[in-house]
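Visitor: Data: entry_28.cif, mmCIF, C-alpha atoms and all ligand atoms.
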```cif
data_structure
#
loop_
_atom_site.label_atom_id
_atom_site.label_comp_id
_atom_site.auth_asym_id
_atom_site.auth_seq_id
_atom_site.Cartn_x
_atom_site.Cartn_y
_atom_site.Cartn_z
CA THR J 1 0.00 0.00 0.00
CA ASP J 2 1.05 3.59 -0.56
CA ALA J 3 2.59 5.20 2.51
CA HIS J 4 1.12 8.67 2.22
CA PRO J 5 -0.28 9.47 5.66
CA ALA J 6 -2.98 12.13 5.86
CA GLN J 7 -1.50 13.50 9.08
CA PRO J 8 2.10 14.38 9.90
CA PRO J 9 3.73 12.03 12.39
CA THR J 10 4.22 13.33 15.94
CA GLY J 11 7.33 13.17 18.10
CA VAL J 12 9.70 12.94 15.16
CA GLY J 13 11.22 16.43 15.21
CA LEU J 14 11.81 18.62 12.21
CA ALA J 15 13.96 16.04 10.43
CA GLY J 16 11.24 13.42 10.74
CA LEU J 17 8.58 15.85 9.55
CA ARG J 18 10.71 16.81 6.56
CA GLU J 19 11.16 13.16 5.65
CA ALA J 20 7.43 12.45 5.91
CA ALA J 21 6.49 15.59 3.96
CA ALA J 22 8.70 14.45 1.08
CA GLY J 23 6.07 11.83 0.32
CA CYS J 24 3.01 14.01 0.86
CA ARG J 25 0.22 13.60 -1.65
CA ALA J 26 -2.50 15.42 0.24
CA CYS J 27 -3.17 17.58 -2.83
CA GLU J 28 -2.30 17.25 -6.51
CA LEU J 29 0.59 19.73 -6.50
CA TRP J 30 3.18 17.03 -5.70
CA GLU J 31 2.96 15.49 -9.15
CA PRO J 32 4.21 18.22 -11.51
CA ALA J 33 6.54 19.67 -8.85
CA THR J 34 10.15 18.56 -8.52
CA GLN J 35 10.00 17.97 -4.76
CA THR J 36 8.50 19.05 -1.47
CA VAL J 37 10.19 22.22 -0.20
CA PHE J 38 10.03 21.90 3.56
CA GLY J 39 10.90 24.61 6.08
CA GLU J 40 14.49 25.20 7.01
CA GLY J 41 16.27 26.38 10.12
CA PRO J 42 17.32 25.23 13.57
CA GLU J 43 14.89 23.58 15.99
CA THR J 44 15.94 26.30 18.48
CA ALA J 45 14.75 29.14 16.21
CA ARG J 46 12.79 31.81 18.08
CA VAL J 47 11.26 33.32 14.99
CA VAL J 48 9.43 31.60 12.11
CA PHE J 49 8.92 33.27 8.74
CA VAL J 50 6.02 31.96 6.65
CA GLY J 51 6.00 32.68 2.91
CA GLU J 52 3.47 31.62 0.30
CA GLN J 53 4.91 28.68 -1.61
CA PRO J 54 8.22 27.77 -3.19
CA GLY J 55 9.04 29.42 -6.51
CA ASP J 56 10.78 27.98 -9.55
CA GLN J 57 14.27 28.04 -8.05
CA GLU J 58 13.13 26.75 -4.67
CA ASP J 59 11.35 23.85 -6.40
CA ARG J 60 14.59 22.86 -8.12
CA ALA J 61 16.83 23.42 -5.07
CA GLY J 62 14.47 21.90 -2.50
CA GLU J 63 15.04 24.87 -0.18
CA PRO J 64 12.79 27.82 0.69
CA PHE J 65 13.63 31.38 -0.30
CA VAL J 66 16.79 30.75 -2.31
CA GLY J 67 15.71 32.57 -5.50
CA PRO J 68 15.34 36.33 -6.14
CA ALA J 69 12.81 36.79 -3.31
CA GLY J 70 15.13 34.90 -0.97
CA ARG J 71 18.08 37.10 -1.82
CA LEU J 72 16.01 40.19 -1.06
CA LEU J 73 14.81 38.62 2.19
CA ASP J 74 18.41 37.82 3.19
CA LYS J 75 19.43 41.43 2.62
CA ALA J 76 16.40 42.77 4.52
CA LEU J 77 17.06 40.41 7.46
CA ALA J 78 20.68 41.57 7.57
CA ASP J 79 19.61 45.22 7.44
CA ALA J 80 17.19 44.57 10.32
CA ALA J 81 19.93 42.76 12.30
CA ILE J 82 18.11 39.41 12.26
CA ASP J 83 20.43 36.45 11.74
CA ARG J 84 18.89 34.04 9.23
CA ARG J 85 20.56 31.23 11.21
CA ASP J 86 18.35 32.12 14.22
CA ALA J 87 15.26 31.93 12.06
CA TYR J 88 13.17 29.11 10.66
CA ILE J 89 11.87 29.83 7.18
CA THR J 90 8.95 27.98 5.67
CA ASN J 91 5.94 28.36 3.40
CA ALA J 92 2.18 28.03 3.77
CA VAL J 93 2.22 25.58 0.83
CA LYS J 94 5.19 23.31 0.30
CA HIS J 95 4.96 22.50 -3.38
CA PHE J 96 5.45 24.90 -6.30
CA ARG J 97 2.21 25.55 -8.17
CA PHE J 98 2.80 26.67 -11.73
CA THR J 99 1.47 26.80 -15.25
CA PRO J 100 3.93 25.21 -17.66
CA THR J 101 4.77 27.16 -20.81
CA PRO J 102 7.38 26.24 -23.45
CA LYS J 103 9.88 28.72 -22.04
CA ARG J 104 9.25 28.77 -18.34
CA ARG J 105 7.05 27.70 -15.47
CA ILE J 106 4.75 30.54 -14.47
CA HIS J 107 3.94 30.87 -10.76
CA GLN J 108 0.29 30.41 -9.81
CA SER J 109 -0.98 31.37 -6.38
CA PRO J 110 -2.07 28.42 -4.26
CA GLY J 111 -5.80 27.84 -3.91
CA ALA J 112 -7.72 27.45 -0.65
CA GLU J 113 -7.63 23.68 -1.17
CA HIS J 114 -3.81 23.67 -1.32
CA LEU J 115 -3.52 25.84 1.79
CA MET J 116 -5.90 23.53 3.62
CA ALA J 117 -4.16 20.35 2.48
CA CYS J 118 -0.76 21.68 3.52
CA ARG J 119 -1.83 23.22 6.81
CA PRO J 120 -1.09 20.18 9.02
CA TRP J 121 2.60 20.46 8.09
CA LEU J 122 2.74 24.10 9.13
CA GLU J 123 0.97 23.28 12.40
CA ALA J 124 3.41 20.44 13.02
CA GLU J 125 6.32 22.84 12.44
CA PHE J 126 4.85 25.28 14.99
CA ALA J 127 4.31 22.47 17.50
CA VAL J 128 7.99 21.49 17.33
CA LEU J 129 9.42 25.00 17.17
CA GLN J 130 7.10 26.78 19.62
CA PRO J 131 8.26 30.11 18.24
CA GLU J 132 8.17 33.40 20.10
CA VAL J 133 7.44 35.35 16.94
CA VAL J 134 5.77 34.29 13.69
CA VAL J 135 6.15 36.56 10.67
CA CYS J 136 3.77 36.27 7.73
CA LEU J 137 5.43 37.30 4.50
CA GLY J 138 2.61 38.56 2.30
CA ALA J 139 -1.14 38.34 2.11
CA VAL J 140 -1.47 34.63 1.42
CA ALA J 141 0.24 33.63 4.68
CA ALA J 142 -1.46 36.44 6.63
CA LYS J 143 -4.94 35.50 5.46
CA ALA J 144 -4.27 31.83 6.19
CA LEU J 145 -2.82 32.36 9.66
CA ILE J 146 -4.46 35.54 10.99
CA SER J 147 -7.78 36.09 9.25
CA PRO J 148 -9.23 36.00 5.73
CA SER J 149 -10.07 39.68 6.16
CA PHE J 150 -6.51 40.67 7.08
CA ARG J 151 -5.23 43.60 5.01
CA ILE J 152 -1.46 43.82 4.75
CA THR J 153 -1.54 47.45 3.65
CA LYS J 154 -3.49 48.54 6.73
CA GLU J 155 -2.28 46.17 9.42
CA ARG J 156 1.32 45.36 8.58
CA GLY J 157 4.18 45.88 10.99
CA GLN J 158 2.15 45.42 14.16
CA LEU J 159 2.93 42.79 16.78
CA MET J 160 -0.23 40.95 17.76
CA PRO J 161 -0.67 38.26 20.41
CA TRP J 162 -1.29 34.95 18.68
CA THR J 163 -1.77 31.31 19.59
CA PRO J 164 -0.09 28.86 17.25
CA PRO J 165 -2.69 26.36 16.01
CA GLY J 166 -0.20 23.51 16.43
CA LEU J 167 0.34 24.16 20.12
CA ARG J 168 -1.68 21.62 22.01
CA ALA J 169 -3.91 23.01 24.74
CA ALA J 170 -2.64 20.47 27.26
CA GLU J 171 0.96 21.65 26.88
CA LEU J 172 -0.14 25.21 27.58
CA ALA J 173 -2.26 24.29 30.57
CA GLU J 174 0.06 21.98 32.46
CA PRO J 175 3.68 22.12 31.46
CA GLY J 176 5.56 19.65 33.63
CA ALA J 177 2.46 18.73 35.63
CA ASP J 178 3.92 15.29 36.24
CA GLY J 179 6.61 16.90 38.38
CA ASP J 180 9.29 16.78 35.72
CA GLU J 181 10.67 19.82 34.03
CA PRO J 182 8.92 20.38 30.71
CA GLU J 183 10.95 19.00 27.80
CA GLU J 184 10.83 22.27 25.96
CA GLU J 185 10.01 25.67 27.25
CA VAL J 186 6.62 26.90 26.12
CA PRO J 187 6.82 30.61 25.41
CA ALA J 188 4.60 32.75 27.63
CA GLN J 189 3.22 34.46 24.56
CA THR J 190 3.61 34.05 20.85
CA TRP J 191 3.57 37.19 18.74
CA MET J 192 2.49 37.53 15.16
CA LEU J 193 3.48 40.19 12.67
CA ALA J 194 2.62 40.43 8.99
CA THR J 195 4.62 42.31 6.42
CA ALA J 196 4.98 42.58 2.66
CA HIS J 197 6.18 39.63 0.63
CA PRO J 198 9.74 40.10 -0.66
CA SER J 199 8.41 39.36 -4.18
CA ALA J 200 6.00 42.28 -3.83
CA VAL J 201 9.00 44.53 -3.16
CA LEU J 202 10.69 43.16 -6.29
CA ARG J 203 7.55 43.85 -8.34
CA THR J 204 7.23 47.44 -7.06
CA PRO J 205 7.86 50.02 -9.84
CA ASP J 206 11.36 51.53 -9.87
CA ASP J 207 10.41 54.86 -8.38
CA ALA J 208 8.79 53.30 -5.31
CA ARG J 209 10.94 50.21 -4.79
CA ALA J 210 13.43 51.71 -2.35
CA ALA J 211 10.58 52.90 -0.13
CA ALA J 212 8.91 49.48 -0.30
CA TYR J 213 12.20 47.85 0.72
CA ASP J 214 12.68 50.32 3.58
CA ALA J 215 9.15 49.57 4.81
CA LEU J 216 9.95 45.84 4.85
CA VAL J 217 13.13 46.46 6.84
CA ALA J 218 11.23 48.73 9.25
CA ASP J 219 8.73 45.92 9.93
CA LEU J 220 11.56 43.43 10.41
CA ARG J 221 13.18 45.79 12.94
CA VAL J 222 9.97 45.49 14.98
CA VAL J 223 10.54 41.72 14.92
CA ALA J 224 14.17 42.19 15.95
CA GLY J 225 12.97 44.34 18.86
CA ALA J 226 10.58 41.61 20.02
CA LEU J 227 13.46 39.10 20.02
CA ALA J 228 15.91 41.38 21.83
N1 LIG J 301 8.31 32.95 -2.41
C1 LIG J 301 7.78 32.33 -1.33
O1 LIG J 301 6.71 32.66 -0.86
N2 LIG J 301 8.46 31.32 -0.82
C2 LIG J 301 9.64 30.89 -1.27
O2 LIG J 301 10.19 29.95 -0.72
C3 LIG J 301 10.17 31.58 -2.40
C4 LIG J 301 9.49 32.59 -2.94
#
```
Take the structure in the file and give it back as structure tokens.
Guide:
Amino acid sequence: TDAHPAQPPTGVGLAGLREAAAGCRACELWEPATQTVFGEGPETARVVFVGEQPGDQEDRAGEPFVGPAGRLLDKALADAAIDRRDAYITNAVKHFRFTPTPKRRIHQSPGAEHLMACRPWLEAEFAVLQPEVVVCLGAVAAKALISPSFRITKERGQLMPWTPPGLRAAELAEPGADGDEPEEEVPAQTWMLATAHPSAVLRTPDDARAAAYDALVADLRVVAGALA
């Protein structure tokens, strides 16, 4: 029988999740894509960045944010004094959705069905990482994780209290209730912040691009402040 579990395994850590996600067939995107692009970063990361879905280069490399948007994100993180090595970077959808054309594969936004199918992986990542801050990069992640009515333009750059959906209620209620120290420290409060997608900065017309980049860095400095 095909080993394509509907739910991510528990208690396997990020490496185990990554391995299981490689065989995910919860939606149809796995078939034309090269591979699953799972999140990347240390299990000790205090901040998690959530993008939309891998792009063409990420699909080929098997790593998130390594193409043009990733290079811009790297620069913005550096300018905001956030070390990418302290961050976990992932996507709301973990396969590249595209329309094939003779010359290139054209990015297509994920549909609600792809976000829903992929959601258990994101929740499993949150459950392992128990981040202090979650940053939504762009409207797709923000609408999926905060609210369908969330408007990046109006509400970006603000830290909001947030409960990760993957954090089990029992862990919050009674950490170490059996008398032992809890295995991992549950943060007192998780914060959420949404900002522009790096690709949106790249698509901004020449005359406004520097300002769009500066606004992204300004939002990331708020994140840096929350981690300080
Ligand atoms: N855009 C995203 O949203 N995610 C990536 O990994 C790359 C580009």
Visitor: Quick one: residues within 12 Å of J:Val66, all atoms listed in the file counted, chain neighbours fewer than 2 positions away excluded, as a list in words?
Guide: Val37, Gly39, Glu40, Pro54, Gly55, Asp56, Gln57, Glu58, Asp59, Arg60, Ala61, Gly62, Glu63, Pro64, Pro68, Ala69, Gly70, Arg71, Leu72, Leu73, Asp74, Ile89, Thr90 and Pro198 of chain J
Visitor: For a quick check of understanding, using all atoms listed in the file, which of J:Arg85, J:Arg156, J:Lys143, J:His114 has the smallest distance to J:Thr44?
Guide: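 Going through J:Arg85, J:Arg156, J:Lys143, J:His114 one by one, the smallest distance to J:Thr44 is for J:Arg85.
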Visitor: For J:Val47, list every protein, DNA or RNA residue within 8 Å, evaluated using only C-alpha atoms, and leave out those in the same chain fewer than 4 positions away; present the list as an NGL selection string.
Guide: :J and (86-88 or 131-135 or 227)
Visitor: Would you mind telling me which residue in J:Ala45, J:Ala212, J:His95, J:Met116 lies nearest to J:Thr153 when using only C-alpha atoms?
Guide: J:Ala212
Visitor: Would you compute the distance between atom CA of J:Lys75 and atom CA of J:Tyr213? Give it in Å to one decimal.
Guide: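 Atom-to-atom, atom CA of J:Lys75 to atom CA of J:Tyr213, that is 9.9 Å.
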Visitor: So which residues touch J:Ala15 within 10 Å, counting all atoms listed in the file, skipping near sequence neighbours fewer than 4 positions away, as JSON, numbers by chain?
Guide: {"J": [19, 20, 21, 38, 40, 43]}
Visitor: Restrict the selected residues to C-alpha atoms and save them as a PDB file, in the coordinates of the input.
Guide:
```
ATOM      1  CA  GLU J  19      11.160  13.160   5.650  1.00  0.00           C
ATOM      2  CA  ALA J  20       7.430  12.450   5.910  1.00  0.00           C
ATOM      3  CA  ALA J  21       6.490  15.590   3.960  1.00  0.00           C
ATOM      4  CA  PHE J  38      10.030  21.900   3.560  1.00  0.00           C
ATOM      5  CA  GLU J  40      14.490  25.200   7.010  1.00  0.00           C
ATOM      6  CA  GLU J  43      14.890  23.580  15.990  1.00  0.00           C
TER       7      GLU J  43
END
```
Visitor: How many Å separate atom CA of J:Ala92 from atom CA of J:Val223?
Guide: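 Atom CA of J:Val223 lies at a distance of 19.5 Å from atom CA of J:Ala92.
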Visitor: Which residue, J:Ala76, J:Leu14, J:Leu202, J:Leu29, has the smallest gap to ligand LIG 301 (chain J) when you use only C-alpha atoms and all ligand atoms?
Guide: J:Leu202
Visitor: Mind pulling up the distance from atom CA of J:Ala208 to atom CA of J:Leu193?
Guide: 22.9 Å
Visitor: Since the input lacks atoms, please generate N, CA and C atoms for stretch 202-224 of chain J and provide them as a JSON list (two decimals), keeping the file's coordinate frame.
Guide:
```
[["chain", "number", "residue", "atom", "x", "y", "z"],
["J", 202, "LEU", "N", 10.03, 43.29, -4.98],
["J", 202, "LEU", "CA", 10.69, 43.16, -6.29],
["J", 202, "LEU", "C", 9.81, 43.62, -7.43],
["J", 203, "ARG", "N", 8.50, 43.46, -7.28],
["J", 203, "ARG", "CA", 7.55, 43.85, -8.34],
["J", 203, "ARG", "C", 7.19, 45.32, -8.28],
["J", 204, "THR", "N", 7.57, 46.02, -7.21],
["J", 204, "THR", "CA", 7.23, 47.44, -7.06],
["J", 204, "THR", "C", 7.94, 48.26, -8.15],
["J", 205, "PRO", "N", 7.23, 49.19, -8.80],
["J", 205, "PRO", "CA", 7.86, 50.02, -9.84],
["J", 205, "PRO", "C", 9.10, 50.73, -9.31],
["J", 206, "ASP", "N", 10.05, 50.94, -10.21],
["J", 206, "ASP", "CA", 11.36, 51.53, -9.87],
["J", 206, "ASP", "C", 11.29, 52.69, -8.88],
["J", 207, "ASP", "N", 10.42, 53.62, -9.16],
["J", 207, "ASP", "CA", 10.41, 54.86, -8.38],
["J", 207, "ASP", "C", 9.92, 54.67, -6.94],
["J", 208, "ALA", "N", 9.31, 53.53, -6.67],
["J", 208, "ALA", "CA", 8.79, 53.30, -5.31],
["J", 208, "ALA", "C", 9.45, 52.11, -4.63],
["J", 209, "ARG", "N", 10.41, 51.46, -5.33],
["J", 209, "ARG", "CA", 10.94, 50.21, -4.79],
["J", 209, "ARG", "C", 11.79, 50.41, -3.53],
["J", 210, "ALA", "N", 12.57, 51.46, -3.52],
["J", 210, "ALA", "CA", 13.43, 51.71, -2.35],
["J", 210, "ALA", "C", 12.57, 51.92, -1.10],
["J", 211, "ALA", "N", 11.47, 52.65, -1.27],
["J", 211, "ALA", "CA", 10.58, 52.90, -0.13],
["J", 211, "ALA", "C", 9.91, 51.61, 0.32],
["J", 212, "ALA", "N", 9.54, 50.76, -0.64],
["J", 212, "ALA", "CA", 8.91, 49.48, -0.30],
["J", 212, "ALA", "C", 9.91, 48.59, 0.46],
["J", 213, "TYR", "N", 11.16, 48.63, 0.03],
["J", 213, "TYR", "CA", 12.20, 47.85, 0.72],
["J", 213, "TYR", "C", 12.41, 48.39, 2.14],
["J", 214, "ASP", "N", 12.49, 49.71, 2.25],
["J", 214, "ASP", "CA", 12.68, 50.32, 3.58],
["J", 214, "ASP", "C", 11.52, 49.97, 4.52],
["J", 215, "ALA", "N", 10.31, 49.92, 3.99],
["J", 215, "ALA", "CA", 9.15, 49.57, 4.81],
["J", 215, "ALA", "C", 9.24, 48.13, 5.30],
["J", 216, "LEU", "N", 9.74, 47.24, 4.44],
["J", 216, "LEU", "CA", 9.95, 45.84, 4.85],
["J", 216, "LEU", "C", 10.97, 45.77, 5.98],
["J", 217, "VAL", "N", 12.09, 46.48, 5.80],
["J", 217, "VAL", "CA", 13.13, 46.46, 6.84],
["J", 217, "VAL", "C", 12.60, 47.06, 8.14],
["J", 218, "ALA", "N", 11.80, 48.11, 8.05],
["J", 218, "ALA", "CA", 11.23, 48.73, 9.25],
["J", 218, "ALA", "C", 10.36, 47.72, 10.01],
["J", 219, "ASP", "N", 9.56, 46.95, 9.28],
["J", 219, "ASP", "CA", 8.73, 45.92, 9.93],
["J", 219, "ASP", "C", 9.61, 44.85, 10.57],
["J", 220, "LEU", "N", 10.68, 44.47, 9.87],
["J", 220, "LEU", "CA", 11.56, 43.43, 10.41],
["J", 220, "LEU", "C", 12.31, 43.93, 11.64],
["J", 221, "ARG", "N", 12.53, 45.24, 11.72],
["J", 221, "ARG", "CA", 13.18, 45.79, 12.94],
["J", 221, "ARG", "C", 12.24, 45.65, 14.14],
["J", 222, "VAL", "N", 10.94, 45.72, 13.90],
["J", 222, "VAL", "CA", 9.97, 45.49, 14.98],
["J", 222, "VAL", "C", 10.12, 44.04, 15.49],
["J", 223, "VAL", "N", 10.31, 43.12, 14.55],
["J", 223, "VAL", "CA", 10.54, 41.72, 14.92],
["J", 223, "VAL", "C", 11.83, 41.58, 15.72],
["J", 224, "ALA", "N", 12.88, 42.22, 15.24],
["J", 224, "ALA", "CA", 14.17, 42.19, 15.95],
["J", 224, "ALA", "C", 14.01, 42.71, 17.36]]
```
